[in-house]
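Novice: Next comes the structure file start-v6.csv, holding CSV, C-alpha atoms and all ligand atoms.
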chain,number,residue,atom,x,y,z
A,1,MET,CA,18.0,19.9,5.5
A,2,LYS,CA,15.9,20.6,8.6
A,3,VAL,CA,12.2,19.9,8.1
A,4,LEU,CA,10.1,23.0,8.7
A,5,ILE,CA,6.7,22.8,10.4
A,6,THR,CA,4.2,25.3,9.1
A,7,PRO,CA,0.8,25.5,10.9
A,8,SER,CA,-2.0,26.5,8.6
A,9,ILE,CA,-4.4,29.1,10.3
A,10,LEU,CA,-7.4,27.8,8.2
A,11,SER,CA,-8.0,25.2,10.9
A,12,ALA,CA,-7.5,27.6,13.9
A,13,ASP,CA,-10.4,29.0,15.9
A,14,LEU,CA,-10.8,32.2,14.0
A,15,THR,CA,-12.8,33.8,16.8
A,16,ARG,CA,-9.5,33.9,18.8
A,17,LEU,CA,-6.9,33.7,16.1
A,18,GLN,CA,-4.3,35.9,17.8
A,19,GLU,CA,-4.4,33.6,20.8
A,20,GLU,CA,-4.1,30.5,18.6
A,21,VAL,CA,-1.1,32.0,16.8
A,22,SER,CA,0.5,32.9,20.0
A,23,ARG,CA,0.3,29.3,21.1
A,24,VAL,CA,2.6,28.3,18.2
A,25,GLU,CA,4.7,31.5,18.1
A,26,THR,CA,7.7,29.9,19.7
A,27,CYS,CA,7.6,26.4,18.2
A,28,ALA,CA,6.5,26.8,14.6
A,29,ASP,CA,8.9,27.7,11.8
A,30,TRP,CA,6.5,29.4,9.4
A,31,LEU,CA,2.8,30.2,9.5
A,32,GLN,CA,0.6,29.5,6.5
A,33,VAL,CA,-2.3,31.7,5.4
A,34,ASP,CA,-4.6,30.0,3.0
A,35,VAL,CA,-6.1,32.7,0.7
A,36,MET,CA,-9.1,31.3,-1.1
A,37,ASP,CA,-11.3,33.3,-3.6
A,38,GLY,CA,-14.3,31.0,-3.9
A,39,HIS,CA,-13.6,30.7,-7.6
A,40,PHE,CA,-10.3,28.8,-8.0
A,41,VAL,CA,-11.4,26.7,-5.0
A,42,PRO,CA,-15.0,26.2,-3.8
A,43,ASN,CA,-14.3,28.1,-0.5
A,44,LEU,CA,-13.8,31.7,0.5
A,45,SER,CA,-11.3,32.3,3.4
A,46,PHE,CA,-9.5,35.5,4.2
A,47,GLY,CA,-6.9,37.9,2.8
A,48,ALA,CA,-4.4,40.7,3.7
A,49,PRO,CA,-6.7,42.6,6.1
A,50,LEU,CA,-6.8,39.6,8.5
A,51,LEU,CA,-3.1,39.1,8.2
A,52,LYS,CA,-2.6,42.8,8.9
A,53,SER,CA,-4.4,42.4,12.2
A,54,LEU,CA,-2.2,39.5,13.3
A,55,LYS,CA,0.8,40.1,15.6
A,56,THR,CA,3.4,37.5,15.0
A,57,ALA,CA,7.2,37.3,14.4
A,58,LEU,CA,6.7,34.0,12.5
A,59,PRO,CA,7.6,34.1,8.8
A,60,ILE,CA,4.3,34.2,6.9
A,61,ASP,CA,3.7,31.8,4.0
A,62,VAL,CA,0.9,32.9,1.7
A,63,HIS,CA,-0.8,30.1,-0.2
A,64,LEU,CA,-2.8,31.8,-3.0
A,65,MET,CA,-5.7,29.5,-4.0
A,66,VAL,CA,-7.0,32.2,-6.3
A,67,SER,CA,-7.6,32.5,-10.1
A,68,ASN,CA,-5.7,35.8,-10.4
A,69,PRO,CA,-2.6,35.6,-8.2
A,70,ALA,CA,-0.7,38.3,-10.0
A,71,GLU,CA,-3.4,40.8,-8.9
A,72,ARG,CA,-3.1,39.7,-5.3
A,73,ILE,CA,0.6,39.7,-4.4
A,74,ALA,CA,1.1,43.5,-3.8
A,75,GLU,CA,-1.0,43.6,-0.6
A,76,PHE,CA,1.0,40.6,0.8
A,77,LEU,CA,4.4,41.9,-0.2
A,78,GLU,CA,3.5,45.2,1.5
A,79,LEU,CA,3.1,43.2,4.7
A,80,GLY,CA,6.6,41.7,4.3
A,81,VAL,CA,5.6,38.1,4.0
A,82,LYS,CA,8.3,35.4,3.7
A,83,ASN,CA,6.9,33.4,0.9
A,84,ILE,CA,4.1,33.6,-1.7
A,85,THR,CA,2.9,30.4,-3.5
A,86,PHE,CA,0.6,30.5,-6.5
A,87,HIS,CA,-1.0,27.5,-8.3
A,88,ALA,CA,0.4,26.1,-11.5
A,89,GLU,CA,-3.3,25.5,-12.6
A,90,ALA,CA,-4.1,29.2,-12.2
A,91,VAL,CA,-1.2,30.5,-14.3
A,92,THR,CA,-0.5,28.3,-17.2
A,93,GLU,CA,1.6,30.5,-19.5
A,94,THR,CA,5.4,30.3,-19.0
A,95,ALA,CA,5.9,34.0,-19.5
A,96,ALA,CA,3.2,34.8,-17.0
A,97,ARG,CA,4.6,32.4,-14.5
A,98,LYS,CA,8.1,33.8,-14.8
A,99,ALA,CA,6.9,37.4,-14.5
A,100,LEU,CA,4.9,36.5,-11.4
A,101,ILE,CA,7.9,34.7,-9.8
A,102,LYS,CA,10.1,37.8,-10.6
A,103,ALA,CA,7.5,40.1,-9.1
A,104,ILE,CA,7.2,38.1,-5.9
A,105,ARG,CA,11.0,38.0,-5.5
A,106,THR,CA,11.5,41.6,-6.4
A,107,GLY,CA,8.9,42.4,-3.7
A,108,GLY,CA,11.1,40.7,-1.1
A,109,ALA,CA,9.5,37.3,-0.8
A,110,THR,CA,10.4,33.8,-2.0
A,111,ALA,CA,8.3,32.3,-4.7
A,112,GLY,CA,6.6,29.0,-4.7
A,113,ILE,CA,4.4,27.1,-7.1
A,114,ALA,CA,1.7,24.7,-6.0
A,115,LEU,CA,0.4,21.5,-7.7
A,116,LYS,CA,-3.1,20.1,-7.0
A,117,PRO,CA,-3.1,16.3,-6.6
A,118,PRO,CA,-4.0,15.5,-10.2
A,119,THR,CA,-1.4,17.9,-11.7
A,120,ALA,CA,1.8,16.2,-12.8
A,121,PHE,CA,5.3,17.4,-12.0
A,122,ASP,CA,6.0,18.0,-15.7
A,123,ALA,CA,3.4,20.7,-15.6
A,124,ILE,CA,6.0,23.0,-14.0
A,125,GLU,CA,9.1,21.9,-16.0
A,126,ASP,CA,9.2,25.4,-17.5
A,127,VAL,CA,9.8,27.2,-14.1
A,128,ILE,CA,11.0,24.6,-11.6
A,129,GLY,CA,14.6,25.5,-12.1
A,130,GLY,CA,13.8,29.1,-11.1
A,131,ILE,CA,11.6,28.8,-8.0
A,132,ASP,CA,12.2,28.7,-4.3
A,133,LEU,CA,9.7,25.9,-3.3
A,134,VAL,CA,7.2,23.5,-4.7
A,135,LEU,CA,4.0,23.0,-2.7
A,136,VAL,CA,2.7,19.5,-3.4
A,137,MET,CA,-1.0,19.3,-2.3
A,138,SER,CA,-1.9,16.0,-0.7
A,139,VAL,CA,-5.6,17.0,-0.6
A,140,GLU,CA,-7.8,18.8,-3.1
A,141,PRO,CA,-7.3,22.4,-2.1
A,142,GLY,CA,-10.2,24.3,-0.4
A,143,PHE,CA,-10.7,22.8,3.0
A,144,GLY,CA,-8.9,21.6,6.1
A,145,GLY,CA,-9.4,18.2,7.7
A,146,GLN,CA,-9.4,16.1,4.6
A,147,LYS,CA,-7.8,12.6,4.1
A,148,PHE,CA,-4.1,12.5,2.9
A,149,LEU,CA,-3.8,11.2,-0.7
A,150,PRO,CA,-0.7,9.0,-0.7
A,151,ASP,CA,-0.5,8.9,-4.5
A,152,VAL,CA,1.2,12.3,-4.5
A,153,LEU,CA,4.3,10.8,-2.7
A,154,GLU,CA,5.5,9.6,-6.1
A,155,LYS,CA,5.5,13.2,-7.4
A,156,VAL,CA,7.5,14.3,-4.4
A,157,ARG,CA,10.1,11.6,-5.0
A,158,ALA,CA,10.4,12.5,-8.6
A,159,ILE,CA,10.9,16.2,-7.8
A,160,HIS,CA,13.4,15.5,-5.0
A,161,GLU,CA,15.4,13.2,-7.3
A,162,ARG,CA,15.7,15.9,-10.0
A,163,PHE,CA,16.1,18.9,-7.6
A,164,PRO,CA,17.6,17.6,-4.3
A,165,GLY,CA,18.2,21.1,-3.0
A,166,LEU,CA,14.7,22.4,-3.7
A,167,MET,CA,12.3,22.9,-0.8
A,168,ILE,CA,9.3,20.7,-1.2
A,169,GLN,CA,6.3,21.6,1.0
A,170,MET,CA,3.5,19.1,1.6
A,171,ASP,CA,0.0,20.3,2.5
A,172,GLY,CA,-3.1,18.4,3.4
A,173,GLY,CA,-3.8,15.6,5.9
A,174,ILE,CA,-0.4,15.9,7.6
A,175,SER,CA,-0.3,14.1,10.9
A,176,GLU,CA,2.2,12.0,12.9
A,177,LYS,CA,1.1,9.1,10.7
A,178,THR,CA,1.6,10.7,7.3
A,179,ALA,CA,4.5,13.1,8.1
A,180,PRO,CA,7.1,10.3,8.1
A,181,LEU,CA,6.0,9.2,4.6
A,182,CYS,CA,6.4,12.8,3.3
A,183,ILE,CA,9.8,13.2,4.9
A,184,GLU,CA,11.0,9.9,3.5
A,185,ALA,CA,9.9,11.0,0.0
A,186,GLY,CA,11.9,14.2,0.3
A,187,CYS,CA,9.6,16.9,1.8
A,188,THR,CA,11.4,19.6,3.9
A,189,ASN,CA,8.4,21.7,4.9
A,190,LEU,CA,5.2,20.3,6.3
A,191,VAL,CA,1.9,22.3,6.4
A,192,ALA,CA,-0.5,21.1,9.1
A,193,GLY,CA,-3.8,22.6,10.0
A,194,SER,CA,-6.2,20.3,11.9
A,195,PHE,CA,-3.4,18.2,13.4
A,196,ILE,CA,-2.0,21.3,15.1
A,197,PHE,CA,-4.9,23.6,15.7
A,198,GLY,CA,-7.3,20.7,16.3
A,199,ALA,CA,-5.1,19.5,19.1
A,200,ALA,CA,-5.7,20.4,22.8
A,201,ASP,CA,-2.0,21.5,22.9
A,202,PRO,CA,-0.8,22.7,19.5
A,203,ALA,CA,2.8,23.1,20.7
A,204,ALA,CA,2.8,19.5,21.8
A,205,ALA,CA,1.4,18.5,18.4
A,206,ILE,CA,4.3,20.4,16.7
A,207,ALA,CA,6.8,18.7,19.0
A,208,ARG,CA,5.4,15.3,18.0
A,209,LEU,CA,6.0,16.1,14.3
A,210,ARG,CA,9.5,17.2,15.1
A,211,GLU,CA,10.3,13.9,16.9
A,212,LEU,CA,9.6,11.9,13.7
B,301,LIG,C1,-6.3,23.2,2.0
B,301,LIG,C2,-5.3,24.1,2.6
B,301,LIG,C3,-4.5,23.3,3.6
B,301,LIG,C4,-5.3,22.9,4.8
B,301,LIG,C5,-4.5,21.9,5.6
B,301,LIG,O1,-6.8,23.8,0.8
B,301,LIG,O2,-4.4,24.5,1.6
B,301,LIG,O3,-3.4,24.2,4.1
B,301,LIG,O4,-5.6,24.0,5.6
B,301,LIG,O5,-5.4,21.4,6.6
B,301,LIG,P1,-5.2,20.0,7.2
B,301,LIG,O6,-3.8,19.9,7.7
B,301,LIG,O7,-6.3,19.9,8.2
B,301,LIG,O8,-5.4,19.0,6.0
Rewrite the structure of this file - the entire thing - as structure tokens.
Specialist:
Amino acid sequence: MKVLITPSILSADLTRLQEEVSRVETCADWLQVDVMDGHFVPNLSFGAPLLKSLKTALPIDVHLMVSNPAERIAEFLELGVKNITFHAEAVTETAARKALIKAIRTGGATAGIALKPPTAFDAIEDVIGGIDLVLVMSVEPGFGGQKFLPDVLEKVRAIHERFPGLMIQMDGGISEKTAPLCIEAGCTNLVAGSFIFGAADPAAAIARLREL
């Protein structure tokens, strides 16, 4: 399976976001929008209004780092996003998880579930057979530019072994050093913020990740 490269706009220069996105428009696969509510994570980022203002043909991947994802999906589905991922730690009841996955899919997007570094794979046994992707966080969610936590690679291997066809996305501290470890473990979608938007040439940074 081709490894997708997904720049995260959290690390882009937000004073010229449209220009930054245009610089990766033709070389990225997806574009990730990190939605933070200042409650589930200790940071407040942005939401649907910002996304509405962006002009891009890239598939949008919404990473909801919010305590109430079920209340947030409608505004993103209206924008025709490609994927919406919510956190397993924010929705713990199986019935609620399944209802949310159904609502996301019915709204025309694929559904993902995210795991913080300390959260074990078995925390999502109840839904992993019925989701489109697992987002394994390799940093504590909330901020870009953090150090990659290699301990999560074991989690990726375990998921990939059990569900070889499932898309596994890694997010946090992805660089040309850490990306090969993730790919070897079974990741097929890499989210990178500072490695791409922190580079003088974001397109060249993406090309370097593709050469691995
Ligand atoms: C962190 C976000 C990540 C972050 C990645 O909570 O979910 O997407 O922006 O940034 P880097 O690649 O700089 O670790």
Novice: Would you please work out which residue, of A:Ile174, A:Pro59, A:Gly47, A:Cys187, is nearest to A:Glu154 when using all atoms listed in the file?
Specialist: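 Among the listed residues, A:Cys187 lies closest to A:Glu154.
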Novice: If you take all atoms listed in the file and a cut-off of 7 Å, which residues of chain A touch ligand LIG 301 (chain B), and what are their nearest atom pairs and distances in Å to one decimal, in chain and number order, as a Markdown table?
Specialist:
| residue | atom | partner | partner_atom | distance |
| --- | --- | --- | --- | --- |
| A:Ser8 | CA | B:LIG301 | O3 | 5.2 |
| A:Leu10 | CA | B:LIG301 | O4 | 4.9 |
| A:Ser11 | CA | B:LIG301 | O4 | 5.9 |
| A:Asp34 | CA | B:LIG301 | O2 | 5.7 |
| A:His63 | CA | B:LIG301 | O2 | 6.9 |
| A:Val139 | CA | B:LIG301 | C1 | 6.8 |
| A:Glu140 | CA | B:LIG301 | O1 | 6.4 |
| A:Pro141 | CA | B:LIG301 | O1 | 3.3 |
| A:Gly142 | CA | B:LIG301 | O1 | 3.6 |
| A:Phe143 | CA | B:LIG301 | C1 | 4.5 |
| A:Gly144 | CA | B:LIG301 | O5 | 3.5 |
| A:Gly145 | CA | B:LIG301 | O7 | 3.6 |
| A:Gln146 | CA | B:LIG301 | O8 | 5.1 |
| A:Asp171 | CA | B:LIG301 | O3 | 5.4 |
| A:Gly172 | CA | B:LIG301 | O8 | 3.5 |
| A:Gly173 | CA | B:LIG301 | O8 | 3.8 |
| A:Ile174 | CA | B:LIG301 | O6 | 5.3 |
| A:Val191 | CA | B:LIG301 | O3 | 6.1 |
| A:Ala192 | CA | B:LIG301 | O6 | 3.8 |
| A:Gly193 | CA | B:LIG301 | O6 | 3.5 |
| A:Ser194 | CA | B:LIG301 | O7 | 3.7 |
| A:Phe195 | CA | B:LIG301 | O6 | 6.0 |
Novice: Residues at most 10 Å from A:Val62, counting only C-alpha atoms, excluding those fewer than 3 positions away in the same chain, as number ranges by chain?
Specialist: A: 8, 31-35, 47-48, 51, 59, 65, 73, 76-77, 81-86, 109, 111-112
Novice: What does the distance between atom CA of A:Pro202 and atom CA of A:Gln18 come to in Å, to one decimal place?
Specialist: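 Taking atom CA of A:Pro202 as the start and atom CA of A:Gln18 as the end point, the length is 13.8 Å.
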Novice: Go through A:Asp37, A:Val152, A:Arg162, A:Leu209 one by one, measure the shortest atom-to-atom distance of each to A:Gly129 using all atoms listed in the file, and give the residue with the smallest value.
Specialist: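 For A:Gly129, the nearest of the given residues is A:Arg162.
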Novice: Distance atom CA of A:Ala200-atom CA of A:Cys27, one decimal place?
Specialist: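 Taking atom CA of A:Ala200 as the start and atom CA of A:Cys27 as the end point, the length is 15.3 Å.
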Novice: Report, in Å with one decimal, the straight-line distance from atom CA of A:Phe40 to atom CA of A:Leu135.
Specialist: 16.3 Å
Novice: Of the residues A:Ile124, A:Ala114, A:Val3, A:Leu100, which is the one nearest to A:Arg72, using all atoms listed in the file?
Specialist: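 Checking each of A:Ile124, A:Ala114, A:Val3, A:Leu100 against A:Arg72, counting all atoms listed in the file, the winner is A:Leu100.
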